[in-house]
Every structure is written in structure tokens, then in C-alpha cells.
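Asks: Sharing protein_14.cif, mmCIF, C-alpha atoms:
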data_target
loop_
_atom_site.label_atom_id
_atom_site.label_comp_id
_atom_site.auth_asym_id
_atom_site.auth_seq_id
_atom_site.Cartn_x
_atom_site.Cartn_y
_atom_site.Cartn_z
CA PHE B 17 1.35 269.99 77.85
CA VAL B 18 -2.34 270.15 78.73
CA SER B 19 -4.16 268.44 75.87
CA GLN B 20 -6.10 265.34 76.85
CA ARG B 21 -4.99 262.00 75.39
CA GLU B 22 -5.04 258.32 76.20
CA VAL B 23 -1.73 256.88 77.40
CA SER B 24 -1.39 253.19 78.18
CA GLU B 25 1.88 253.48 80.09
CA LEU B 26 4.08 256.26 81.46
CA ASN B 27 7.64 256.36 80.15
CA ILE B 28 9.22 256.91 83.55
CA LYS B 29 12.82 256.79 82.32
CA GLU B 30 12.12 259.48 79.73
CA ILE B 31 10.44 261.69 82.35
CA ALA B 32 13.29 261.18 84.84
CA ASP B 33 15.91 261.97 82.21
CA ASN B 34 14.08 265.19 81.28
CA ILE B 35 13.87 266.29 84.92
CA LYS B 36 17.60 265.67 85.41
CA LYS B 37 18.49 267.40 82.15
CA CYS B 38 16.52 270.52 83.14
CA ILE B 39 18.04 270.67 86.63
CA LYS B 40 21.58 270.29 85.28
CA SER B 41 20.94 272.96 82.66
CA PHE B 42 19.69 275.35 85.34
CA SER B 43 22.61 274.62 87.68
CA HIS B 44 25.10 275.34 84.86
CA LEU B 45 23.82 278.92 84.73
CA TRP B 46 25.17 279.63 88.19
CA GLY B 47 28.26 277.70 89.14
CA VAL B 48 27.37 277.84 92.85
CA PRO B 49 26.30 275.06 95.24
CA LEU B 50 22.78 273.70 95.17
CA GLU B 51 20.75 273.58 98.38
CA VAL B 52 18.07 270.90 98.08
CA ASP B 53 15.00 270.85 100.29
CA LEU B 54 14.32 267.39 101.74
CA SER B 55 11.34 266.79 103.98
CA GLY B 56 9.53 263.55 104.65
CA GLY B 57 7.10 264.19 101.81
CA LYS B 58 6.80 263.18 98.18
CA ASP B 59 7.61 266.36 96.27
CA SER B 60 10.96 267.21 97.82
CA ARG B 61 12.04 263.57 97.52
CA VAL B 62 11.64 263.68 93.73
CA GLY B 63 13.90 266.75 93.59
CA ALA B 64 16.51 265.19 95.87
CA ALA B 65 16.43 261.95 93.87
CA ALA B 66 16.94 263.88 90.63
CA ILE B 67 19.97 265.66 92.05
CA LEU B 68 21.56 262.46 93.33
CA SER B 69 21.01 260.50 90.13
CA SER B 70 22.24 263.35 87.92
CA GLY B 71 25.69 263.19 89.51
CA ILE B 72 25.77 266.82 90.66
CA GLU B 73 28.27 266.92 93.52
CA ASN B 74 28.37 270.54 94.71
CA VAL B 75 25.22 270.15 96.77
CA ARG B 76 23.82 269.95 100.27
CA PHE B 77 20.41 268.79 101.51
CA LYS B 78 18.35 270.77 104.00
CA THR B 79 15.50 269.69 106.26
CA ILE B 80 13.47 272.13 108.33
CA GLY B 81 13.17 270.46 111.71
CA THR B 82 9.64 271.46 112.64
CA LEU B 83 8.59 267.84 113.06
CA GLN B 84 10.98 265.21 114.38
CA GLY B 85 9.25 262.53 112.33
CA GLU B 86 10.17 264.32 109.10
CA VAL B 87 13.75 264.77 110.28
CA ASP B 88 14.01 261.04 111.07
CA ILE B 89 12.86 260.06 107.57
CA ALA B 90 15.18 262.58 105.90
CA GLU B 91 18.11 261.18 107.89
CA ILE B 92 17.22 257.63 106.80
CA LEU B 93 17.15 258.75 103.17
CA MET B 94 20.57 260.38 103.46
CA GLU B 95 22.05 257.34 105.19
CA ARG B 96 20.81 255.03 102.43
CA VAL B 97 22.88 256.93 99.85
CA ASN B 98 25.86 257.77 102.10
CA GLN B 99 25.16 261.50 102.02
CA SER B 100 24.67 262.20 105.73
CA ASP B 101 27.69 264.51 105.74
CA LYS B 102 25.89 266.77 103.24
CA HIS B 103 22.65 266.95 105.23
CA ILE B 104 21.74 269.81 107.57
CA VAL B 105 18.70 270.34 109.79
CA THR B 106 17.53 273.90 110.42
CA GLU B 107 14.80 275.51 112.51
CA ARG B 108 12.23 278.07 111.47
CA ILE B 109 12.86 281.53 112.87
CA ASP B 110 10.48 284.36 113.65
CA PRO B 111 10.62 286.42 110.42
CA SER B 112 10.16 289.67 112.35
CA HIS B 113 13.66 289.21 113.80
CA LEU B 114 15.18 290.18 110.43
CA SER B 115 12.68 292.74 109.09
CA SER B 116 9.24 294.13 109.85
CA LEU B 117 6.16 292.72 108.18
CA SER B 118 5.50 295.91 106.20
CA GLU B 119 9.11 295.96 104.96
CA ARG B 120 8.86 292.35 103.79
CA VAL B 121 5.56 292.89 102.03
CA LEU B 122 6.74 296.07 100.33
CA LEU B 123 9.84 294.27 99.08
CA LEU B 124 7.72 291.39 97.73
CA HIS B 125 5.30 293.82 96.07
CA HIS B 126 8.31 295.48 94.45
CA GLU B 127 9.77 292.18 93.24
CA PHE B 128 6.53 290.60 91.96
CA ASP B 129 4.29 293.68 91.56
CA GLY B 130 1.89 291.92 93.88
CA ASP B 131 1.54 288.74 91.83
CA TYR B 132 2.80 286.21 94.36
CA THR B 133 1.40 283.81 96.90
CA PRO B 134 0.97 285.81 100.16
CA ILE B 135 2.31 283.04 102.39
CA ILE B 136 5.89 284.00 101.51
CA MET B 137 5.51 287.18 103.55
CA ASN B 138 6.07 284.81 106.48
CA HIS B 139 9.56 283.98 105.24
CA ALA B 140 12.56 285.39 107.05
CA ILE B 141 13.83 288.11 104.70
CA ASP B 142 17.05 290.02 105.29
CA LEU B 143 16.57 293.32 103.47
CA ASP B 144 20.31 293.98 103.35
CA THR B 145 21.15 290.77 101.47
CA TYR B 146 17.94 289.83 99.63
CA PHE B 147 19.12 291.14 96.26
CA SER B 148 22.78 290.30 96.78
CA THR B 149 24.63 287.77 94.63
CA LYS B 150 23.46 284.35 95.69
CA GLU B 151 25.87 281.93 97.36
CA SER B 152 23.65 278.92 96.61
CA ILE B 153 20.69 277.93 94.46
CA ALA B 154 17.61 276.34 96.02
CA ILE B 155 15.98 273.22 94.60
CA GLN B 156 12.47 273.01 95.99
CA GLY B 157 9.41 270.81 95.50
CA ALA B 158 6.98 273.49 94.36
CA GLY B 159 4.26 272.34 91.99
CA GLY B 160 4.37 268.61 92.61
CA GLU B 161 0.70 268.75 93.59
CA ILE B 162 -0.19 268.89 89.90
CA ALA B 163 0.35 265.13 89.82
CA HIS B 164 -1.64 264.52 93.02
CA GLY B 165 -4.98 265.87 91.84
CA ASN B 166 -4.77 268.82 94.21
CA TYR B 167 -8.49 269.58 94.10
CA TYR B 168 -9.70 265.99 93.82
CA ALA B 169 -7.22 263.94 95.81
CA SER B 170 -9.61 261.15 96.82
CA GLN B 171 -12.40 259.09 95.29
CA ARG B 172 -14.86 260.94 97.53
CA TRP B 173 -13.95 264.22 95.86
CA VAL B 174 -14.09 262.68 92.39
CA ASP B 175 -17.60 261.37 93.05
CA LYS B 176 -18.72 264.67 94.55
CA ILE B 177 -17.38 266.81 91.68
CA THR B 178 -18.62 264.54 88.89
CA GLY B 179 -22.00 264.36 90.65
CA MET B 180 -22.35 268.13 90.16
CA GLY B 181 -22.48 267.69 86.41
CA GLU B 182 -20.66 269.65 83.73
CA ASN B 183 -20.04 272.65 86.00
CA GLY B 184 -18.70 270.50 88.85
CA PRO B 185 -15.03 271.53 88.45
CA PHE B 186 -15.96 275.23 88.38
CA THR B 187 -18.20 274.83 91.45
CA ARG B 188 -15.40 273.00 93.29
CA ILE B 189 -12.99 275.93 92.83
CA ALA B 190 -15.61 278.61 93.45
CA ASN B 191 -16.56 276.97 96.76
CA TYR B 192 -12.92 276.41 97.70
CA LEU B 193 -12.07 280.08 97.17
CA SER B 194 -15.14 281.14 99.15
CA SER B 195 -14.28 279.01 102.17
CA MET B 196 -11.95 281.59 103.71
CA GLY B 197 -14.83 284.02 104.19
CA CYS B 198 -14.71 287.66 105.29
CA VAL B 199 -14.74 289.12 101.75
CA THR B 200 -17.40 291.41 100.34
CA PRO B 201 -20.03 290.09 97.91
CA GLN B 202 -18.65 292.34 95.16
CA VAL B 203 -15.18 290.82 95.50
CA GLN B 204 -16.65 287.32 95.63
CA ASN B 205 -18.34 288.00 92.29
CA LEU B 206 -15.07 289.25 90.80
CA VAL B 207 -13.29 286.09 91.97
CA HIS B 208 -15.98 283.86 90.47
CA HIS B 209 -15.76 285.76 87.20
CA GLN B 210 -11.98 285.26 87.04
CA VAL B 211 -12.38 281.56 87.80
CA TYR B 212 -15.00 281.27 85.06
CA GLU B 213 -12.61 282.89 82.57
CA ILE B 214 -9.91 280.34 83.38
CA PHE B 215 -12.32 277.44 82.94
CA SER B 216 -13.42 278.97 79.64
CA GLU B 217 -9.77 278.93 78.55
CA ALA B 218 -9.58 275.27 79.49
CA ARG B 219 -12.66 274.42 77.47
CA ASP B 220 -11.30 276.35 74.48
CA LEU B 221 -8.22 274.11 74.68
CA GLY B 222 -10.43 271.04 74.59
CA ILE B 223 -9.95 270.24 78.29
CA THR B 224 -12.97 268.67 79.97
CA GLY B 225 -13.94 267.09 83.27
CA LEU B 226 -11.51 266.84 86.17
CA SER B 227 -8.60 267.90 83.98
CA GLN B 228 -10.01 271.42 84.10
CA LEU B 229 -8.99 271.49 87.77
CA ASP B 230 -5.43 270.60 86.82
CA TYR B 231 -5.43 273.41 84.27
CA PHE B 232 -6.63 275.83 86.94
CA TYR B 233 -3.82 274.69 89.22
CA LEU B 234 -1.22 275.19 86.49
CA ALA B 235 -2.55 278.56 85.30
CA GLU B 236 -3.28 280.18 88.64
CA ARG B 237 -1.44 278.48 91.46
CA PHE B 238 1.66 276.80 90.09
CA ARG B 239 2.84 279.85 88.16
CA ARG B 240 2.71 282.04 91.27
CA TRP B 241 4.41 279.66 93.63
CA ALA B 242 8.04 280.46 94.46
CA PRO B 243 10.42 279.49 92.94
CA ILE B 244 8.48 279.87 89.71
CA GLY B 245 6.96 283.31 90.02
CA GLY B 246 10.12 285.38 90.05
CA ASN B 247 12.91 283.95 92.19
CA VAL B 248 15.58 283.21 89.59
CA ASP B 249 17.79 281.64 92.26
CA ARG B 250 15.37 278.75 92.82
CA TYR B 251 14.18 275.84 90.74
CA SER B 252 11.61 273.08 90.94
CA PRO B 253 11.99 269.68 89.26
CA PHE B 254 8.30 269.86 88.39
CA LEU B 255 8.95 272.55 85.80
CA ALA B 256 10.35 269.89 83.48
CA PRO B 257 8.17 269.65 80.35
CA ALA B 258 8.02 265.86 80.45
CA PHE B 259 6.74 265.90 84.04
CA LEU B 260 4.01 268.42 83.23
CA ARG B 261 2.97 266.37 80.20
CA ALA B 262 2.87 263.17 82.24
CA SER B 263 0.81 264.85 84.97
CA TYR B 264 -1.96 265.46 82.46
CA ASP B 265 -1.82 261.83 81.34
CA LEU B 266 -2.58 260.45 84.81
CA LYS B 267 -5.86 258.80 85.72
CA PRO B 268 -7.45 259.79 89.07
CA GLU B 269 -6.48 256.51 90.75
CA GLN B 270 -2.85 257.07 89.72
CA ARG B 271 -2.98 260.42 91.46
CA PHE B 272 -4.40 258.93 94.65
CA ASP B 273 -1.54 256.44 95.02
CA ASN B 274 1.22 258.85 93.88
CA THR B 275 2.11 256.66 90.89
CA LEU B 276 4.25 259.21 89.08
CA HIS B 277 6.21 260.37 92.13
CA THR B 278 6.78 256.86 93.43
CA GLN B 279 8.00 255.46 90.11
CA LEU B 280 10.28 258.44 89.49
CA ILE B 281 11.90 258.04 92.93
CA GLU B 282 12.33 254.27 92.49
CA THR B 283 13.91 254.80 89.05
CA MET B 284 16.31 257.55 90.09
CA VAL B 285 17.29 256.27 93.56
CA PRO B 286 16.33 252.60 94.03
CA GLU B 287 17.76 252.69 97.58
CA TRP B 288 14.73 254.76 98.62
CA LYS B 289 12.14 252.33 97.29
CA ASP B 290 10.89 251.07 100.66
CA VAL B 291 11.25 254.29 102.69
CA PRO B 292 7.72 255.50 103.52
CA PHE B 293 6.53 259.05 103.10
CA PHE B 294 5.89 260.98 106.28
CA LYS B 295 2.26 261.25 107.38
CA ALA B 296 1.49 263.57 110.27
CA SER B 297 -0.40 262.16 113.24
CA PRO B 298 -2.54 264.29 115.61
CA LYS B 299 0.49 264.49 117.91
CA ASP B 300 2.61 265.78 115.01
CA VAL B 301 -0.01 268.41 114.20
CA ASP B 302 0.19 269.66 117.79
CA GLU B 303 3.99 269.76 117.57
CA ARG B 304 3.84 271.71 114.30
CA THR B 305 1.46 274.23 115.87
CA GLN B 306 3.79 274.73 118.83
CA LYS B 307 6.93 275.16 116.75
CA LYS B 308 5.53 277.07 113.78
CA LYS B 309 4.07 280.21 115.27
CA ARG B 310 1.28 281.97 113.44
CA ILE B 311 1.10 285.63 112.57
CA TRP B 312 -0.85 286.43 115.75
CA GLN B 313 1.90 284.78 117.82
CA THR B 314 5.01 286.40 116.32
CA GLY B 315 6.64 289.80 116.44
CA ASP B 316 4.46 290.77 113.47
CA LYS B 317 1.36 290.83 115.68
CA GLY B 318 1.63 294.53 116.55
CA LEU B 319 1.91 295.66 112.95
CA VAL B 320 -1.04 293.49 111.96
CA GLU B 321 -3.12 295.20 114.63
CA ASP B 322 -2.02 298.61 113.36
CA ILE B 323 -3.22 297.64 109.89
CA LEU B 324 -6.49 296.18 111.16
CA ALA B 325 -7.12 299.50 112.93
CA GLN B 326 -7.12 301.20 109.50
CA PRO B 327 -9.91 299.48 107.56
CA SER B 328 -9.75 302.23 104.94
CA LEU B 329 -6.67 300.37 103.65
CA TRP B 330 -8.42 297.04 103.15
CA GLY B 331 -12.17 297.41 103.69
CA ASP B 332 -12.89 297.57 99.95
CA VAL B 333 -12.10 293.86 99.77
CA PHE B 334 -12.79 292.47 103.23
CA VAL B 335 -15.72 292.78 105.67
CA GLU B 336 -14.35 294.78 108.61
CA LYS B 337 -16.59 293.29 111.31
CA ASP B 338 -15.86 289.68 110.30
CA VAL B 339 -12.10 290.22 110.03
CA LEU B 340 -11.83 291.89 113.44
CA GLU B 341 -13.93 289.19 115.11
CA LEU B 342 -11.72 286.47 113.61
CA TRP B 343 -8.56 288.27 114.77
CA ASN B 344 -9.86 288.50 118.34
CA GLN B 345 -10.68 284.80 118.27
CA ALA B 346 -7.18 284.02 117.02
CA LYS B 347 -5.61 285.86 119.96
CA THR B 348 -7.91 284.44 122.62
CA ILE B 349 -9.37 281.01 121.94
CA GLY B 350 -7.46 280.20 118.76
CA ILE B 351 -8.64 279.50 115.19
CA PRO B 352 -7.71 276.94 112.52
CA ASN B 353 -4.19 277.57 111.24
CA SER B 354 -5.54 277.71 107.69
CA LYS B 355 -7.24 281.00 108.55
CA GLU B 356 -3.83 282.68 108.79
CA ALA B 357 -4.05 283.07 105.02
CA LEU B 358 -6.90 285.54 105.45
CA PHE B 359 -4.78 287.96 107.48
CA GLN B 360 -1.91 287.60 105.01
CA ARG B 361 -4.27 288.76 102.28
CA VAL B 362 -5.56 291.67 104.37
CA ILE B 363 -1.96 292.81 104.86
CA TRP B 364 -1.22 292.31 101.15
CA ARG B 365 -4.12 294.61 100.26
CA ALA B 366 -3.28 297.24 102.86
CA VAL B 367 0.38 297.57 101.91
CA TYR B 368 -0.26 297.49 98.17
CA GLU B 369 -1.40 301.12 98.15
CA GLU B 370 1.97 302.13 99.62
CA HIS B 371 3.65 300.14 96.84
CA VAL B 372 1.61 301.93 94.17
CA GLU B 373 2.44 305.32 95.69
CA GLY B 374 6.12 304.40 95.60
CA LEU B 375 5.81 303.62 91.89
CA ARG B 376 4.19 307.00 91.32
CA ARG B 377 7.04 308.79 93.08
CA SER B 378 9.60 306.86 91.04
CA ALA B 379 7.78 307.67 87.81
CA LYS B 380 7.80 311.37 88.63
CA ARG B 381 11.53 311.31 89.24
CA LEU B 382 12.14 309.54 85.93
CA PHE B 383 9.74 311.47 83.75
#
Please rewrite the model in this file as C-alpha cells.

Replies:
Amino acid sequence: FVSQREVSELNIKEIADNIKKCIKSFSHLWGVPLEVDLSGGKDSRVGAAAILSSGIENVRFKTIGTLQGEVDIAEILMERVNQSDKHIVTERIDPSHLSSLSERVLLLHHEFDGDYTPIIMNHAIDLDTYFSTKESIAIQGAGGEIAHGNYYASQRWVDKITGMGENGPFTRIANYLSSMGCVTPQVQNLVHHQVYEIFSEARDLGITGLSQLDYFYLAERFRRWAPIGGNVDRYSPFLAPAFLRASYDLKPEQRFDNTLHTQLIETMVPEWKDVPFFKASPKDVDERTQKKKRIWQTGDKGLVEDILAQPSLWGDVFVEKDVLELWNQAKTIGIPNSKEALFQRVIWRAVYEEHVEGLRRSAKRLF
């Protein structure tokens, strides 16, 4: 999938057929309805188009109504294919209403042994039903970024990375992973070492230049992103082998203008050809912030503060003074929403010791 080669033209029909074949094969394992995410963006639209063109009928489409602009576009898409009766709009709920933050994180540690993207601790998880037999299977747009050039999504980034020379791709990721701040120098060195190992793997496979960034995305990010990392009741159209192969055949300019996504959608559902993708305006960003509360604004806030008051649980990774200062800023004057990821990782680290102790207790009972 990842070897570099010159391709004059993408075989869009072949890629679309492979995506549909994989989705149908997955759905046949279950025999329950499919619930397809549909936002105003590119990735979910490919998945929805694949479902519609494959002829699967036991399906419904779901849009999270955080932004009205996304809801409007999703409704237009459904109207174009006479599927409005199968479309629902839901709202995000405060995850603490169903379970506490520590309970959610412990469950996720148990399911993935810690190897998951921390953002899913913000999902609403019902502990009583989480492992119950599923009534529907989710089709989600995880991983589509691999065809967008996630770490070089504009000509400016291409010029900047290539201007750094042979080590430009490594430097791009090292700087990106350092941007969150608040981690100790020792941990920063460990992170850089792990990144270097992944880029060494890429070079051993003959991957050079910007394609090394795509390999990093596939090896480190894509594989951890639900529904790939462990949720067997979820599927992404971007797991299809032909899509992954095509993603590595793209030139940078094809990534910038979403060539692969656009042509797949036009091939599978021509009725959607002229429907634009949603692009958030400053007003939309404000609306998203108001509707999508952050961890310092939800019922999880108290438990976060309990954890922050015990730096012995997380101070081996994070700088206590910097973390506490950032938390106080979040509660008072506000901080960029992207910084929420830092606190998710602090919580991940703090609760992991409890997970390990639980494994020890279980091992003693068994052996």
C-alpha cells in the first residue's frame, strides 16, 4: 500500500467498487442496521455515498447538529437522493451524565490497554450497555485525512517542509508533537525517539520526502482512531485497500483540492456533484464553542481538578506548574480549544496506574 510509484491516472471506478465491496462484506457479518455519519465535510460524504451506491437498504444517516450550517448541507444531500426519511439529527450530550470521567477512562484502558486516541474519553459512554450486543453498526469517516495530506495540506506547508531538507518531514512531526507543551524534557526526548523510529521504518520501505508524513499518519494515527483501533461494531470506508493504495499515489496538489474524495463522491452519487463541502466561518466557530462544551465546562470538571491535585499520578510526564497554570487560564479567561487534548492526556496518564493495578489483581486471582 505504501510503496512509491508513478501513476498517470487514478482508476476511480475500481477504488469505488473496492470501498463498496469492503463495506458490504463488513455489514454481512452483522445483519443489523447501519448508522452512517453524515456531516457537511468530505470524509463522511464518501462513506454515505458508498452506502447509497452499494444498494444497502437497512440504514439510517445521522448528523450531529452542533452547527446549523452542517445540518443544512446534510439535509440537502438527503433530499437529493430521496432519503430524508432515513436522516436524523442529534445533539451532543454532556458525557458525565452517563458515567464519570474516571469510569470512562478505565473502561477505555481495559478495552484498548491504553492504545487509543484520548479524545474518545469525551464520548458519552453508558457503562451498562457498552459491551452489550449492538443494535446497529456505525459507518464513520475516520482516516480520510490520509488523502488530504494531513501534515502538509497547503503549498505553504509543502514549501516549508521541503525547505528544511532531508529531515524536513521528521522535523515537521517533532515540532507538531511539541506544540502542546507542558511535558518534561525527558518525555519529549522519548517522543522524538519514537518518531525517529517510525521515519526509519519508512526509509527502510523506500519511502522518501513528503510521503514519509503519510506513512507516519497511517502507522501512528490512523490505526488508533476509532473505529479502527478496537471497536468491532464500527467501520470506515477508508480502510479499503484500494483507497489506501490510491492515497499514496496522490500528488500534493491533488491532496489540496480533494481530488480523490471529490471524484469518488461524483462517481458513486452523481446527484451530489455540485453540493459544496461545509466550511466553518468565524461565526460557526463561536457557535461550535458554545454548543460543544470543553472538559473544564462539563460535569467532568470536578474530577479533573481532583486528578490535578495529585501530581504524583501524572508528574512523571507533565510539568506540574505549567499544567496547573493552563487549567486556571481555561477556567477564567479561556484557552484555545485545541489545548483540551493536553488535559485528556493528563487524565489518561493518571488513571492508567489504576488500570495496571486492576490487571495485577486479576492476574493474582487467575494464577

Asks: Write out as number ranges by chain which residues come within 12 Å of Asp101 of chain B when counting only C-alpha atoms, dropping same-chain ones fewer than 2 positions away.

Replies: B: 75-78, 91, 94-95, 97-99, 103-105

Asks: For segment 147-214 of chain B against segment 350-359 of chain B, with a cut-off of 10 Å and counting all atoms listed in the file, what is the closest atom pair and its distance in Å to one decimal for every residue that makes the cut, ordered by chain and number, as CSV?

Replies:
residue,atom,partner,partner_atom,distance
B:Ser195,CA,B:Lys355,CA,9.7
B:Met196,CA,B:Leu358,CA,6.6
B:Gly197,CA,B:Leu358,CA,8.2
B:Cys198,CA,B:Leu358,CA,8.1
B:Val199,CA,B:Leu358,CA,9.4

Asks: What gap, in Å, lies between atom CA of Val48 of chain B and atom CA of Ile67 of chain B?

Replies: 14.3 Å

Asks: Got a sec: who's within 6 Å of segment 140-154 of chain B, counting only C-alpha atoms, leaving out chain neighbours fewer than 4 positions off, as number ranges by chain?

Replies: B: 48-52, 111, 114, 249-250

Asks: Evaluate the PyMOL selection byres ((chain B and resi 218) around 12) here and jot the selected residues down as a ChimeraX atom specification.

Replies: /B:18-20,185-186,211-217,219-235

Asks: With C-alpha atoms kept, could you save the residues just selected as a PDB file, in the frame of the given file?

Replies:
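Output below, filename again.pdb:
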ATOM      1  CA  VAL B  18      -2.340 270.150  78.730  1.00  0.00           C
ATOM      2  CA  SER B  19      -4.160 268.440  75.870  1.00  0.00           C
ATOM      3  CA  GLN B  20      -6.100 265.340  76.850  1.00  0.00           C
ATOM      4  CA  PRO B 185     -15.030 271.530  88.450  1.00  0.00           C
ATOM      5  CA  PHE B 186     -15.960 275.230  88.380  1.00  0.00           C
ATOM      6  CA  VAL B 211     -12.380 281.560  87.800  1.00  0.00           C
ATOM      7  CA  TYR B 212     -15.000 281.270  85.060  1.00  0.00           C
ATOM      8  CA  GLU B 213     -12.610 282.890  82.570  1.00  0.00           C
ATOM      9  CA  ILE B 214      -9.910 280.340  83.380  1.00  0.00           C
ATOM     10  CA  PHE B 215     -12.320 277.440  82.940  1.00  0.00           C
ATOM     11  CA  SER B 216     -13.420 278.970  79.640  1.00  0.00           C
ATOM     12  CA  GLU B 217      -9.770 278.930  78.550  1.00  0.00           C
ATOM     13  CA  ARG B 219     -12.660 274.420  77.470  1.00  0.00           C
ATOM     14  CA  ASP B 220     -11.300 276.350  74.480  1.00  0.00           C
ATOM     15  CA  LEU B 221      -8.220 274.110  74.680  1.00  0.00           C
ATOM     16  CA  GLY B 222     -10.430 271.040  74.590  1.00  0.00           C
ATOM     17  CA  ILE B 223      -9.950 270.240  78.290  1.00  0.00           C
ATOM     18  CA  THR B 224     -12.970 268.670  79.970  1.00  0.00           C
ATOM     19  CA  GLY B 225     -13.940 267.090  83.270  1.00  0.00           C
ATOM     20  CA  LEU B 226     -11.510 266.840  86.170  1.00  0.00           C
ATOM     21  CA  SER B 227      -8.600 267.900  83.980  1.00  0.00           C
ATOM     22  CA  GLN B 228     -10.010 271.420  84.100  1.00  0.00           C
ATOM     23  CA  LEU B 229      -8.990 271.490  87.770  1.00  0.00           C
ATOM     24  CA  ASP B 230      -5.430 270.600  86.820  1.00  0.00           C
ATOM     25  CA  TYR B 231      -5.430 273.410  84.270  1.00  0.00           C
ATOM     26  CA  PHE B 232      -6.630 275.830  86.940  1.00  0.00           C
ATOM     27  CA  TYR B 233      -3.820 274.690  89.220  1.00  0.00           C
ATOM     28  CA  LEU B 234      -1.220 275.190  86.490  1.00  0.00           C
ATOM     29  CA  ALA B 235      -2.550 278.560  85.300  1.00  0.00           C
TER      30      ALA B 235
END

Asks: For atom CA of Pro286 of chain B and atom CA of Leu93 of chain B, determine how far apart the two atoms are, in Å to one decimal place.

Replies: 11.0 Å

Asks: Could you list, as a list in words, every residue within 10 Å of Tyr168 of chain B, counting all atoms listed in the file and ignoring same-chain residues fewer than 3 positions away?

Replies: His164, Gly165, Gln171, Arg172, Trp173, Val174, Asp175, Lys176, Ile177, Pro185, Arg188, Leu226, Leu229, Asp230, Pro268, Arg271 and Phe272 of chain B

Asks: Step by step, work through what the PyMOL selection byres ((chain B and resi 56) around 8) selects in the shown file, and finish by giving those residues as a ChimeraX atom specification.

Replies: /B:54-55,57-58,60-61,85-87,89-90,293-294

Asks: Could you jot down the atom CA of Val23 of chain B to atom CA of Arg261 of chain B separation for me, Å, one decimal place?

Replies: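 Atom-to-atom, atom CA of Val23 of chain B to atom CA of Arg261 of chain B, that is 11.0 Å.
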
Asks: Adding 3 Å on each side of the box along x, y and z that holds all listed atoms of segment 94-101 of chain B, could you give its centre and edge lengths in Å to one decimal, as lines of an AutoDock Vina configuration file?

Replies:
center_x = 24.1
center_y = 259.8
center_z = 102.8
size_x = 13.1
size_y = 15.5
size_z = 11.9

Asks: Given the choices B:Val333, B:Ile155, B:Ile311, B:Leu122, which gets closest to Val372 of chain B if the distance is worked out from all atoms listed in the file?

Replies: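 For Val372 of chain B, the nearest of the candidates is B:Leu122.
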
Asks: Can you translate the PyMOL selection byres ((chain B and resi 373-381) around 12) into the concrete residues it hits in this file, as number ranges by chain?

Replies: B: 122-123, 125-126, 129, 367-372, 382-383

Asks: For each of B:Gln279, B:Gln210, B:Thr348, B:Gln204, take the minimum atom-to-atom distance to Phe334 of chain B, counting only C-alpha atoms, then give the residue where this is smallest.

Replies: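 Ranking B:Gln279, B:Gln210, B:Thr348, B:Gln204 by distance to Phe334 of chain B, first place goes to B:Gln204.
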
Asks: Would you mind telling me which residue in B:Pro292, B:Ser170, B:Thr187, B:Arg310 lies nearest to Glu269 of chain B when using only C-alpha atoms?

Replies: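 Among the listed residues, the smallest separation from Glu269 of chain B belongs to B:Ser170.
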
Asks: Which residue is closest to Trp364 of chain B? Choose from B:Ser252, B:Thr275, B:Ser100, B:Asn138 and count all atoms listed in the file.

Replies: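 Among the listed residues, B:Asn138 lies closest to Trp364 of chain B.
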
Asks: At a cut-off of 10 Å from (18.6, 263.6, 83.9) in the coordinates of the file, what residues are picked up using only C-alpha atoms, written as a ChimeraX atom specification?

Replies: /B:29-41,66-71,284
